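**Student:** My structure is in coords-v7.txt, and what it holds is compact mmCIF, N, CA and C atoms:
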# COMPACT_ATOMS: atom_id res chain seq x y z
N MET A 1 19.74 -68.77 -89.17
CA MET A 1 20.26 -68.13 -87.98
C MET A 1 21.05 -69.17 -87.20
N GLU A 2 22.04 -68.72 -86.53
CA GLU A 2 22.89 -69.64 -85.79
C GLU A 2 22.14 -70.22 -84.61
N LEU A 3 22.27 -71.50 -84.45
CA LEU A 3 21.59 -72.21 -83.38
C LEU A 3 22.16 -71.81 -82.02
N ALA A 4 23.44 -71.57 -81.93
CA ALA A 4 24.06 -71.17 -80.66
C ALA A 4 23.55 -69.80 -80.22
N ASN A 5 23.38 -68.91 -81.18
CA ASN A 5 22.88 -67.57 -80.87
C ASN A 5 21.44 -67.67 -80.34
N ILE A 6 20.62 -68.51 -80.95
CA ILE A 6 19.22 -68.68 -80.51
C ILE A 6 19.19 -69.27 -79.09
N GLU A 7 20.06 -70.23 -78.84
CA GLU A 7 20.10 -70.85 -77.51
C GLU A 7 20.47 -69.80 -76.44
N LYS A 8 21.42 -68.92 -76.77
CA LYS A 8 21.79 -67.86 -75.83
C LYS A 8 20.62 -66.90 -75.60
N LEU A 9 19.91 -66.58 -76.69
CA LEU A 9 18.77 -65.68 -76.56
C LEU A 9 17.65 -66.31 -75.73
N VAL A 10 17.43 -67.61 -75.87
CA VAL A 10 16.41 -68.31 -75.08
C VAL A 10 16.80 -68.27 -73.60
N ASP A 11 18.07 -68.50 -73.30
CA ASP A 11 18.52 -68.43 -71.91
C ASP A 11 18.34 -67.02 -71.34
N LYS A 12 18.68 -66.02 -72.14
CA LYS A 12 18.49 -64.64 -71.69
C LYS A 12 17.00 -64.33 -71.49
N TYR A 13 16.17 -64.87 -72.41
CA TYR A 13 14.72 -64.64 -72.30
C TYR A 13 14.17 -65.26 -71.02
N LEU A 14 14.61 -66.45 -70.70
CA LEU A 14 14.13 -67.11 -69.49
C LEU A 14 14.61 -66.41 -68.22
N ASN A 15 15.72 -65.70 -68.31
CA ASN A 15 16.23 -64.92 -67.17
C ASN A 15 15.71 -63.49 -67.18
N ALA A 16 14.85 -63.15 -68.16
CA ALA A 16 14.25 -61.82 -68.30
C ALA A 16 15.30 -60.75 -68.51
N GLU A 17 16.25 -61.04 -69.39
CA GLU A 17 17.33 -60.10 -69.67
C GLU A 17 17.37 -59.67 -71.13
N THR A 18 16.39 -60.04 -71.92
CA THR A 18 16.41 -59.72 -73.36
C THR A 18 15.82 -58.34 -73.61
N THR A 19 16.22 -57.77 -74.75
CA THR A 19 15.64 -56.51 -75.19
C THR A 19 14.47 -56.83 -76.11
N LEU A 20 13.75 -55.83 -76.51
CA LEU A 20 12.60 -56.04 -77.41
C LEU A 20 13.05 -56.56 -78.77
N GLN A 21 14.18 -56.09 -79.23
CA GLN A 21 14.70 -56.54 -80.53
C GLN A 21 15.07 -58.01 -80.47
N GLU A 22 15.69 -58.45 -79.37
CA GLU A 22 16.07 -59.86 -79.23
C GLU A 22 14.82 -60.74 -79.11
N GLU A 23 13.78 -60.24 -78.46
CA GLU A 23 12.54 -61.02 -78.36
C GLU A 23 11.88 -61.15 -79.72
N THR A 24 11.95 -60.10 -80.52
CA THR A 24 11.40 -60.16 -81.88
C THR A 24 12.17 -61.19 -82.70
N THR A 25 13.47 -61.25 -82.54
CA THR A 25 14.30 -62.25 -83.23
C THR A 25 13.86 -63.66 -82.83
N LEU A 26 13.62 -63.88 -81.57
CA LEU A 26 13.17 -65.20 -81.10
C LEU A 26 11.80 -65.55 -81.67
N LYS A 27 10.88 -64.59 -81.67
CA LYS A 27 9.53 -64.86 -82.21
C LYS A 27 9.60 -65.23 -83.69
N ASN A 28 10.41 -64.49 -84.42
CA ASN A 28 10.56 -64.79 -85.85
C ASN A 28 11.17 -66.18 -86.06
N TYR A 29 12.16 -66.54 -85.27
CA TYR A 29 12.80 -67.86 -85.41
C TYR A 29 11.77 -68.97 -85.17
N PHE A 30 10.97 -68.83 -84.10
CA PHE A 30 10.02 -69.90 -83.80
C PHE A 30 8.81 -69.88 -84.73
N LYS A 31 8.57 -68.78 -85.44
CA LYS A 31 7.48 -68.71 -86.42
C LYS A 31 7.84 -69.43 -87.71
N GLU A 32 9.09 -69.46 -88.07
CA GLU A 32 9.54 -70.01 -89.34
C GLU A 32 9.16 -71.48 -89.50
N GLY A 33 9.21 -72.24 -88.43
CA GLY A 33 8.84 -73.64 -88.53
C GLY A 33 10.01 -74.58 -88.44
N GLU A 34 11.19 -74.16 -88.85
CA GLU A 34 12.37 -75.02 -88.77
C GLU A 34 13.05 -74.77 -87.42
N VAL A 35 12.60 -75.49 -86.41
CA VAL A 35 13.10 -75.31 -85.05
C VAL A 35 13.87 -76.55 -84.65
N ALA A 36 14.98 -76.35 -83.99
CA ALA A 36 15.78 -77.49 -83.51
C ALA A 36 14.94 -78.31 -82.54
N PRO A 37 15.12 -79.65 -82.55
CA PRO A 37 14.27 -80.50 -81.70
C PRO A 37 14.36 -80.20 -80.21
N HIS A 38 15.53 -79.82 -79.73
CA HIS A 38 15.65 -79.56 -78.29
C HIS A 38 15.05 -78.19 -77.91
N LEU A 39 14.72 -77.35 -78.89
CA LEU A 39 14.07 -76.06 -78.63
C LEU A 39 12.59 -76.09 -78.98
N GLN A 40 12.08 -77.25 -79.36
CA GLN A 40 10.69 -77.39 -79.80
C GLN A 40 9.71 -76.97 -78.69
N GLU A 41 10.03 -77.24 -77.45
CA GLU A 41 9.12 -76.91 -76.34
C GLU A 41 8.91 -75.40 -76.23
N TYR A 42 9.87 -74.59 -76.63
CA TYR A 42 9.73 -73.15 -76.55
C TYR A 42 8.89 -72.60 -77.71
N SER A 43 8.79 -73.33 -78.80
CA SER A 43 8.01 -72.85 -79.94
C SER A 43 6.54 -72.71 -79.58
N TYR A 44 6.03 -73.61 -78.73
CA TYR A 44 4.62 -73.50 -78.32
C TYR A 44 4.38 -72.20 -77.55
N MET A 45 5.32 -71.85 -76.72
CA MET A 45 5.17 -70.63 -75.91
C MET A 45 5.19 -69.39 -76.80
N PHE A 46 6.14 -69.30 -77.71
CA PHE A 46 6.23 -68.11 -78.55
C PHE A 46 5.08 -68.04 -79.54
N ASN A 47 4.63 -69.16 -80.04
CA ASN A 47 3.48 -69.16 -80.95
C ASN A 47 2.20 -68.77 -80.20
N TYR A 48 2.10 -69.18 -78.96
CA TYR A 48 0.93 -68.79 -78.17
C TYR A 48 0.89 -67.28 -77.98
N PHE A 49 2.06 -66.69 -77.71
CA PHE A 49 2.09 -65.25 -77.50
C PHE A 49 1.62 -64.48 -78.74
N THR A 50 1.98 -64.96 -79.91
CA THR A 50 1.58 -64.25 -81.13
C THR A 50 0.09 -64.41 -81.39
N THR A 51 -0.46 -65.59 -81.12
CA THR A 51 -1.90 -65.79 -81.35
C THR A 51 -2.72 -65.12 -80.24
N ALA A 52 -2.19 -65.02 -79.04
CA ALA A 52 -2.93 -64.40 -77.94
C ALA A 52 -3.10 -62.90 -78.15
N LYS A 53 -2.18 -62.28 -78.87
CA LYS A 53 -2.30 -60.85 -79.16
C LYS A 53 -3.48 -60.56 -80.07
N GLU A 54 -3.82 -61.52 -80.91
CA GLU A 54 -4.88 -61.32 -81.88
C GLU A 54 -6.27 -61.59 -81.30
N GLU A 55 -6.35 -62.25 -80.17
CA GLU A 55 -7.64 -62.56 -79.57
C GLU A 55 -8.27 -61.31 -78.99
N THR A 56 -9.58 -61.21 -79.18
CA THR A 56 -10.33 -60.08 -78.60
C THR A 56 -11.61 -60.62 -78.00
N TYR A 57 -12.15 -59.91 -77.06
CA TYR A 57 -13.40 -60.27 -76.41
C TYR A 57 -14.45 -59.29 -76.90
N THR A 58 -15.49 -59.80 -77.56
CA THR A 58 -16.46 -58.92 -78.21
C THR A 58 -17.70 -58.66 -77.38
N LYS A 59 -17.97 -59.46 -76.38
CA LYS A 59 -19.18 -59.24 -75.57
C LYS A 59 -18.99 -58.04 -74.64
N ALA A 60 -20.11 -57.40 -74.36
CA ALA A 60 -20.07 -56.26 -73.44
C ALA A 60 -19.95 -56.77 -72.00
N ILE A 61 -19.14 -56.08 -71.27
CA ILE A 61 -18.92 -56.45 -69.87
C ILE A 61 -19.80 -55.55 -69.01
N LYS A 62 -20.66 -56.18 -68.25
CA LYS A 62 -21.54 -55.41 -67.37
C LYS A 62 -20.91 -55.37 -65.99
N LEU A 63 -20.63 -54.18 -65.57
CA LEU A 63 -20.04 -53.99 -64.26
C LEU A 63 -21.11 -53.47 -63.31
N GLU A 64 -21.28 -54.14 -62.21
CA GLU A 64 -22.23 -53.68 -61.21
C GLU A 64 -21.48 -52.78 -60.24
N PRO A 65 -22.08 -51.66 -59.94
CA PRO A 65 -21.39 -50.77 -58.99
C PRO A 65 -21.33 -51.41 -57.61
N LYS A 66 -20.25 -51.15 -56.95
CA LYS A 66 -20.09 -51.70 -55.61
C LYS A 66 -21.07 -51.02 -54.67
N LYS A 67 -21.66 -51.81 -53.82
CA LYS A 67 -22.56 -51.25 -52.83
C LYS A 67 -21.72 -50.63 -51.73
N SER A 68 -22.05 -49.42 -51.44
CA SER A 68 -21.27 -48.69 -50.44
C SER A 68 -21.62 -49.19 -49.05
N LYS A 69 -20.61 -49.44 -48.28
CA LYS A 69 -20.82 -49.87 -46.90
C LYS A 69 -21.01 -48.66 -45.99
N LYS A 70 -20.81 -47.48 -46.52
CA LYS A 70 -20.99 -46.28 -45.72
C LYS A 70 -22.44 -46.12 -45.31
N LYS A 71 -23.37 -46.55 -46.16
CA LYS A 71 -24.78 -46.48 -45.79
C LYS A 71 -25.03 -47.32 -44.56
N ASN A 72 -24.45 -48.50 -44.53
CA ASN A 72 -24.63 -49.37 -43.38
C ASN A 72 -24.04 -48.71 -42.13
N PHE A 73 -22.90 -48.06 -42.29
CA PHE A 73 -22.29 -47.41 -41.15
C PHE A 73 -23.12 -46.21 -40.70
N LYS A 74 -23.73 -45.51 -41.67
CA LYS A 74 -24.58 -44.38 -41.29
C LYS A 74 -25.78 -44.87 -40.48
N TRP A 75 -26.44 -45.90 -40.99
CA TRP A 75 -27.60 -46.43 -40.26
C TRP A 75 -27.18 -47.05 -38.94
N LEU A 76 -26.03 -47.66 -38.94
CA LEU A 76 -25.53 -48.26 -37.70
C LEU A 76 -25.24 -47.18 -36.67
N SER A 77 -24.66 -46.08 -37.08
CA SER A 77 -24.37 -45.00 -36.13
C SER A 77 -25.66 -44.35 -35.64
N VAL A 78 -26.65 -44.21 -36.52
CA VAL A 78 -27.95 -43.66 -36.10
C VAL A 78 -28.59 -44.60 -35.09
N ALA A 79 -28.58 -45.89 -35.38
CA ALA A 79 -29.18 -46.86 -34.46
C ALA A 79 -28.44 -46.87 -33.12
N ALA A 80 -27.13 -46.78 -33.16
CA ALA A 80 -26.35 -46.78 -31.93
C ALA A 80 -26.66 -45.54 -31.09
N SER A 81 -26.81 -44.39 -31.74
CA SER A 81 -27.10 -43.18 -30.98
C SER A 81 -28.51 -43.24 -30.38
N VAL A 82 -29.48 -43.83 -31.10
CA VAL A 82 -30.83 -43.98 -30.56
C VAL A 82 -30.80 -44.91 -29.35
N VAL A 83 -30.09 -46.01 -29.46
CA VAL A 83 -29.98 -46.94 -28.34
C VAL A 83 -29.30 -46.27 -27.15
N LEU A 84 -28.28 -45.49 -27.42
CA LEU A 84 -27.58 -44.78 -26.35
C LEU A 84 -28.51 -43.79 -25.65
N LEU A 85 -29.25 -43.00 -26.42
CA LEU A 85 -30.18 -42.05 -25.82
C LEU A 85 -31.26 -42.76 -25.02
N PHE A 86 -31.78 -43.85 -25.55
CA PHE A 86 -32.81 -44.62 -24.84
C PHE A 86 -32.26 -45.18 -23.53
N SER A 87 -31.05 -45.71 -23.57
CA SER A 87 -30.47 -46.28 -22.35
C SER A 87 -30.17 -45.19 -21.33
N VAL A 88 -29.74 -44.01 -21.78
CA VAL A 88 -29.51 -42.90 -20.85
C VAL A 88 -30.82 -42.47 -20.21
N PHE A 89 -31.89 -42.39 -21.01
CA PHE A 89 -33.20 -42.00 -20.49
C PHE A 89 -33.68 -43.01 -19.44
N ILE A 90 -33.62 -44.28 -19.77
CA ILE A 90 -34.05 -45.33 -18.83
C ILE A 90 -33.15 -45.33 -17.60
N GLY A 91 -31.87 -45.17 -17.78
CA GLY A 91 -30.93 -45.12 -16.66
C GLY A 91 -31.23 -43.95 -15.73
N LYS A 92 -31.56 -42.79 -16.30
CA LYS A 92 -31.91 -41.62 -15.50
C LYS A 92 -33.17 -41.89 -14.70
N GLN A 93 -34.17 -42.51 -15.32
CA GLN A 93 -35.42 -42.83 -14.62
C GLN A 93 -35.15 -43.78 -13.45
N GLU A 94 -34.35 -44.81 -13.71
CA GLU A 94 -34.04 -45.77 -12.65
C GLU A 94 -33.22 -45.12 -11.55
N TYR A 95 -32.32 -44.24 -11.89
CA TYR A 95 -31.52 -43.54 -10.89
C TYR A 95 -32.41 -42.66 -10.01
N ASP A 96 -33.36 -41.96 -10.64
CA ASP A 96 -34.29 -41.13 -9.86
C ASP A 96 -35.13 -41.97 -8.92
N ARG A 97 -35.60 -43.13 -9.39
CA ARG A 97 -36.38 -44.03 -8.52
C ARG A 97 -35.52 -44.51 -7.35
N TYR A 98 -34.29 -44.87 -7.65
CA TYR A 98 -33.39 -45.33 -6.60
C TYR A 98 -33.16 -44.24 -5.56
N GLN A 99 -32.95 -43.01 -6.04
CA GLN A 99 -32.72 -41.90 -5.12
C GLN A 99 -33.98 -41.64 -4.29
N ALA A 100 -35.16 -41.73 -4.91
CA ALA A 100 -36.41 -41.51 -4.16
C ALA A 100 -36.57 -42.58 -3.09
N LYS A 101 -36.28 -43.83 -3.41
CA LYS A 101 -36.37 -44.91 -2.42
C LYS A 101 -35.38 -44.69 -1.28
N LYS A 102 -34.20 -44.24 -1.63
CA LYS A 102 -33.16 -44.00 -0.64
C LYS A 102 -33.59 -42.87 0.30
N ILE A 103 -34.12 -41.78 -0.27
CA ILE A 103 -34.58 -40.65 0.54
C ILE A 103 -35.76 -41.08 1.40
N TYR A 104 -36.68 -41.85 0.83
CA TYR A 104 -37.84 -42.35 1.59
C TYR A 104 -37.38 -43.20 2.77
N ALA A 105 -36.39 -44.07 2.56
CA ALA A 105 -35.88 -44.91 3.64
C ALA A 105 -35.24 -44.06 4.74
N GLN A 106 -34.50 -43.01 4.35
CA GLN A 106 -33.87 -42.14 5.35
C GLN A 106 -34.92 -41.36 6.14
N VAL A 107 -35.94 -40.83 5.44
CA VAL A 107 -36.99 -40.09 6.13
C VAL A 107 -37.77 -41.02 7.06
N SER A 108 -38.07 -42.23 6.59
CA SER A 108 -38.79 -43.20 7.42
C SER A 108 -37.99 -43.53 8.67
N LYS A 109 -36.71 -43.73 8.53
CA LYS A 109 -35.86 -44.05 9.68
C LYS A 109 -35.84 -42.89 10.66
N GLY A 110 -35.75 -41.67 10.14
CA GLY A 110 -35.75 -40.48 11.01
C GLY A 110 -37.07 -40.33 11.73
N LEU A 111 -38.20 -40.54 11.05
CA LEU A 111 -39.52 -40.43 11.68
C LEU A 111 -39.72 -41.53 12.71
N GLU A 112 -39.21 -42.72 12.42
CA GLU A 112 -39.30 -43.82 13.38
C GLU A 112 -38.51 -43.50 14.64
N LEU A 113 -37.34 -42.94 14.48
CA LEU A 113 -36.53 -42.53 15.62
C LEU A 113 -37.23 -41.44 16.43
N LEU A 114 -37.83 -40.48 15.73
CA LEU A 114 -38.58 -39.41 16.38
C LEU A 114 -39.78 -39.98 17.15
N SER A 115 -40.47 -40.91 16.50
CA SER A 115 -41.63 -41.54 17.14
C SER A 115 -41.21 -42.29 18.40
N THR A 116 -40.10 -43.00 18.34
CA THR A 116 -39.61 -43.75 19.50
C THR A 116 -39.30 -42.79 20.65
N ASN A 117 -38.62 -41.69 20.32
CA ASN A 117 -38.28 -40.71 21.36
C ASN A 117 -39.52 -40.01 21.92
N LEU A 118 -40.52 -39.75 21.09
CA LEU A 118 -41.76 -39.12 21.57
C LEU A 118 -42.51 -40.07 22.50
N LYS A 119 -42.50 -41.36 22.20
CA LYS A 119 -43.15 -42.33 23.07
C LYS A 119 -42.47 -42.37 24.43
N LYS A 120 -41.14 -42.30 24.44
CA LYS A 120 -40.41 -42.27 25.71
C LYS A 120 -40.80 -41.02 26.51
N GLY A 121 -40.88 -39.90 25.79
CA GLY A 121 -41.27 -38.65 26.46
C GLY A 121 -42.71 -38.71 26.97
N GLU A 122 -43.58 -39.30 26.22
CA GLU A 122 -44.99 -39.45 26.62
C GLU A 122 -45.10 -40.32 27.86
N GLU A 123 -44.32 -41.40 27.89
CA GLU A 123 -44.33 -42.29 29.06
C GLU A 123 -43.79 -41.53 30.29
N ALA A 124 -42.76 -40.72 30.10
CA ALA A 124 -42.19 -39.95 31.21
C ALA A 124 -43.20 -38.95 31.73
N VAL A 125 -43.94 -38.31 30.83
CA VAL A 125 -44.96 -37.34 31.23
C VAL A 125 -46.10 -38.07 31.95
N ALA A 126 -46.46 -39.25 31.49
CA ALA A 126 -47.53 -40.02 32.14
C ALA A 126 -47.10 -40.40 33.56
N ASN A 127 -45.85 -40.79 33.72
CA ASN A 127 -45.35 -41.11 35.06
C ASN A 127 -45.35 -39.85 35.94
N LEU A 128 -45.06 -38.72 35.36
CA LEU A 128 -45.06 -37.46 36.09
C LEU A 128 -46.46 -37.14 36.60
N TYR A 129 -47.47 -37.35 35.78
CA TYR A 129 -48.85 -37.12 36.19
C TYR A 129 -49.24 -38.06 37.33
N ILE A 130 -48.74 -39.30 37.27
CA ILE A 130 -49.03 -40.25 38.35
C ILE A 130 -48.43 -39.74 39.66
N TYR A 131 -47.19 -39.26 39.62
CA TYR A 131 -46.55 -38.73 40.83
C TYR A 131 -47.28 -37.48 41.33
N GLU A 132 -47.71 -36.66 40.41
CA GLU A 132 -48.39 -35.42 40.79
C GLU A 132 -49.74 -35.73 41.45
N ASN A 133 -50.45 -36.67 40.86
CA ASN A 133 -51.75 -37.04 41.44
C ASN A 133 -51.56 -37.67 42.83
N THR A 134 -50.53 -38.47 42.94
CA THR A 134 -50.26 -39.12 44.23
C THR A 134 -49.86 -38.05 45.26
N ALA A 135 -49.07 -37.07 44.87
CA ALA A 135 -48.65 -36.01 45.78
C ALA A 135 -49.84 -35.17 46.21
N LYS A 136 -50.80 -34.90 45.35
CA LYS A 136 -51.98 -34.12 45.67
C LYS A 136 -52.85 -34.86 46.69
N LYS A 137 -52.95 -36.16 46.51
CA LYS A 137 -53.75 -36.97 47.42
C LYS A 137 -53.11 -36.96 48.83
N ILE A 138 -51.81 -37.05 48.89
CA ILE A 138 -51.13 -37.10 50.16
C ILE A 138 -51.17 -35.71 50.85
N LEU A 139 -51.06 -34.67 50.11
CA LEU A 139 -51.02 -33.33 50.67
C LEU A 139 -52.42 -32.83 51.05
N LYS A 140 -53.43 -33.40 50.67
CA LYS A 140 -54.75 -32.93 51.01
C LYS A 140 -55.13 -33.30 52.33
Please render this file's structure as structure tokens.
**Tutor:**
Amino acid sequence: MELANIEKLVDKYLNAETTLQEETTLKNYFKEGEVAPHLQEYSYMFNYFTTAKEETYTKAIKLEPKKSKKKNFKWLSVAASVVLLFSVFIGKQEYDRYQAKKIYAQVSKGLELLSTNLKKGEEAVANLYIYENTAKKILK
């Protein structure tokens, strides 16, 4: 085979422009054994391709199924909803306690104000009795 033709085919092969027929021509050329010295480096590549096709792997490949992360998300969503419900329940209890304390403080303040006003009224009535008793003594 012409050496110039082989060199052109090698250049086309390296640029990924060859057809299957041209690649077969190159493989046959490098299989023959009489390779030009400057093309010797390519013979290793083409010989490797022919021997690599014949290699097979005979052992059984054990594939482990992938663990689904959806289970984790399911449990995570269940846990999140339980925590949410628990926090709402505790929050409601604390809110009710706060409201009860607030109402108790308002009622206490109102009763204290009422008590203060009743004491003033009681003192006024006591003074009235003093005036009445004094007036009775003078009028007798």
**Student:** Could you tell me how far CA of Leu26 (chain A) lies from CA of Glu54 (chain A), in Å and to one decimal?
**Tutor:**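 We find that CA of Leu26 (chain A) and CA of Glu54 (chain A) lie 18.5 Å from each other.
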**Student:** Return as a list in words the full set of residues in region 24-69 of chain A whose backbone-based DSSP assignment is alpha helix (DSSP H).
**Tutor:** Thr24, Thr25, Leu26, Lys27, Asn28, Tyr29, Phe30, Lys31, Glu32, Gln40, Glu41, Tyr42, Ser43, Tyr44, Met45, Phe46, Asn47, Tyr48, Phe49, Thr50, Thr51, Ala52, Lys53 and Glu54 of chain A
**Student:** For a test of reading the model, state the distance in Å between atom C of Gln99 (chain A) and atom C of Leu114 (chain A), rounded to one decimal.
**Tutor:**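 Calculated distance between atom C of Gln99 (chain A) and atom C of Leu114 (chain A) is 22.3 Å.
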**Student:** Do you have the CA of Val125 (chain A)-atom N of Gln106 (chain A) distance handy?
**Tutor:**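 Going from CA of Val125 (chain A) over to atom N of Gln106 (chain A), I get 29.4 Å.
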**Student:** Give, as AutoDock Vina command-line options, the centre coordinates and the x, y and z edge lengths in Å to one decimal for an axis-aligned box around all listed atoms of region 26-43 of chain A, padded by 4 Å on each side.
**Tutor:**
--center_x 11.2 --center_y -72.2 --center_z -82.9 --size_x 17.2 --size_y 24.6 --size_z 21.3
**Student:** Since the input lacks some atoms of region 49-64 of chain A, please model N, CA, C and O atoms and print them as a compact mmCIF listing (two decimals), in the frame of the given file.
**Tutor:**
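Saved to out30.txt:
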# COMPACT_ATOMS: atom_id res chain seq x y z
N PHE A 49 2.06 -66.69 -77.71
CA PHE A 49 2.09 -65.25 -77.50
C PHE A 49 1.62 -64.48 -78.74
O PHE A 49 0.94 -63.47 -78.64
N THR A 50 1.98 -64.96 -79.91
CA THR A 50 1.58 -64.25 -81.13
C THR A 50 0.09 -64.41 -81.39
O THR A 50 -0.57 -63.47 -81.81
N THR A 51 -0.46 -65.59 -81.12
CA THR A 51 -1.90 -65.79 -81.35
C THR A 51 -2.72 -65.12 -80.24
O THR A 51 -3.85 -64.68 -80.48
N ALA A 52 -2.19 -65.02 -79.04
CA ALA A 52 -2.93 -64.40 -77.94
C ALA A 52 -3.10 -62.90 -78.15
O ALA A 52 -4.08 -62.32 -77.70
N LYS A 53 -2.18 -62.28 -78.87
CA LYS A 53 -2.30 -60.85 -79.16
C LYS A 53 -3.48 -60.56 -80.07
O LYS A 53 -4.07 -59.50 -80.02
N GLU A 54 -3.82 -61.52 -80.91
CA GLU A 54 -4.88 -61.32 -81.88
C GLU A 54 -6.27 -61.59 -81.30
O GLU A 54 -7.27 -61.21 -81.90
N GLU A 55 -6.35 -62.25 -80.17
CA GLU A 55 -7.64 -62.56 -79.57
C GLU A 55 -8.27 -61.31 -78.99
O GLU A 55 -7.60 -60.47 -78.39
N THR A 56 -9.58 -61.21 -79.18
CA THR A 56 -10.33 -60.08 -78.60
C THR A 56 -11.61 -60.62 -78.00
O THR A 56 -12.13 -61.66 -78.41
N TYR A 57 -12.15 -59.91 -77.06
CA TYR A 57 -13.40 -60.27 -76.41
C TYR A 57 -14.45 -59.29 -76.90
O TYR A 57 -14.32 -58.08 -76.72
N THR A 58 -15.49 -59.80 -77.56
CA THR A 58 -16.46 -58.92 -78.21
C THR A 58 -17.70 -58.66 -77.38
O THR A 58 -18.45 -57.73 -77.68
N LYS A 59 -17.97 -59.46 -76.38
CA LYS A 59 -19.18 -59.24 -75.57
C LYS A 59 -18.99 -58.04 -74.64
O LYS A 59 -17.89 -57.74 -74.21
N ALA A 60 -20.11 -57.40 -74.36
CA ALA A 60 -20.07 -56.26 -73.44
C ALA A 60 -19.95 -56.77 -72.00
O ALA A 60 -20.58 -57.73 -71.61
N ILE A 61 -19.14 -56.08 -71.27
CA ILE A 61 -18.92 -56.45 -69.87
C ILE A 61 -19.80 -55.55 -69.01
O ILE A 61 -19.70 -54.33 -69.07
N LYS A 62 -20.66 -56.18 -68.25
CA LYS A 62 -21.54 -55.41 -67.37
C LYS A 62 -20.91 -55.37 -65.99
O LYS A 62 -20.69 -56.39 -65.36
N LEU A 63 -20.63 -54.18 -65.57
CA LEU A 63 -20.04 -53.99 -64.26
C LEU A 63 -21.11 -53.47 -63.31
O LEU A 63 -21.77 -52.48 -63.60
N GLU A 64 -21.28 -54.14 -62.21
CA GLU A 64 -22.23 -53.68 -61.21
C GLU A 64 -21.48 -52.78 -60.24
O GLU A 64 -20.39 -53.12 -59.78
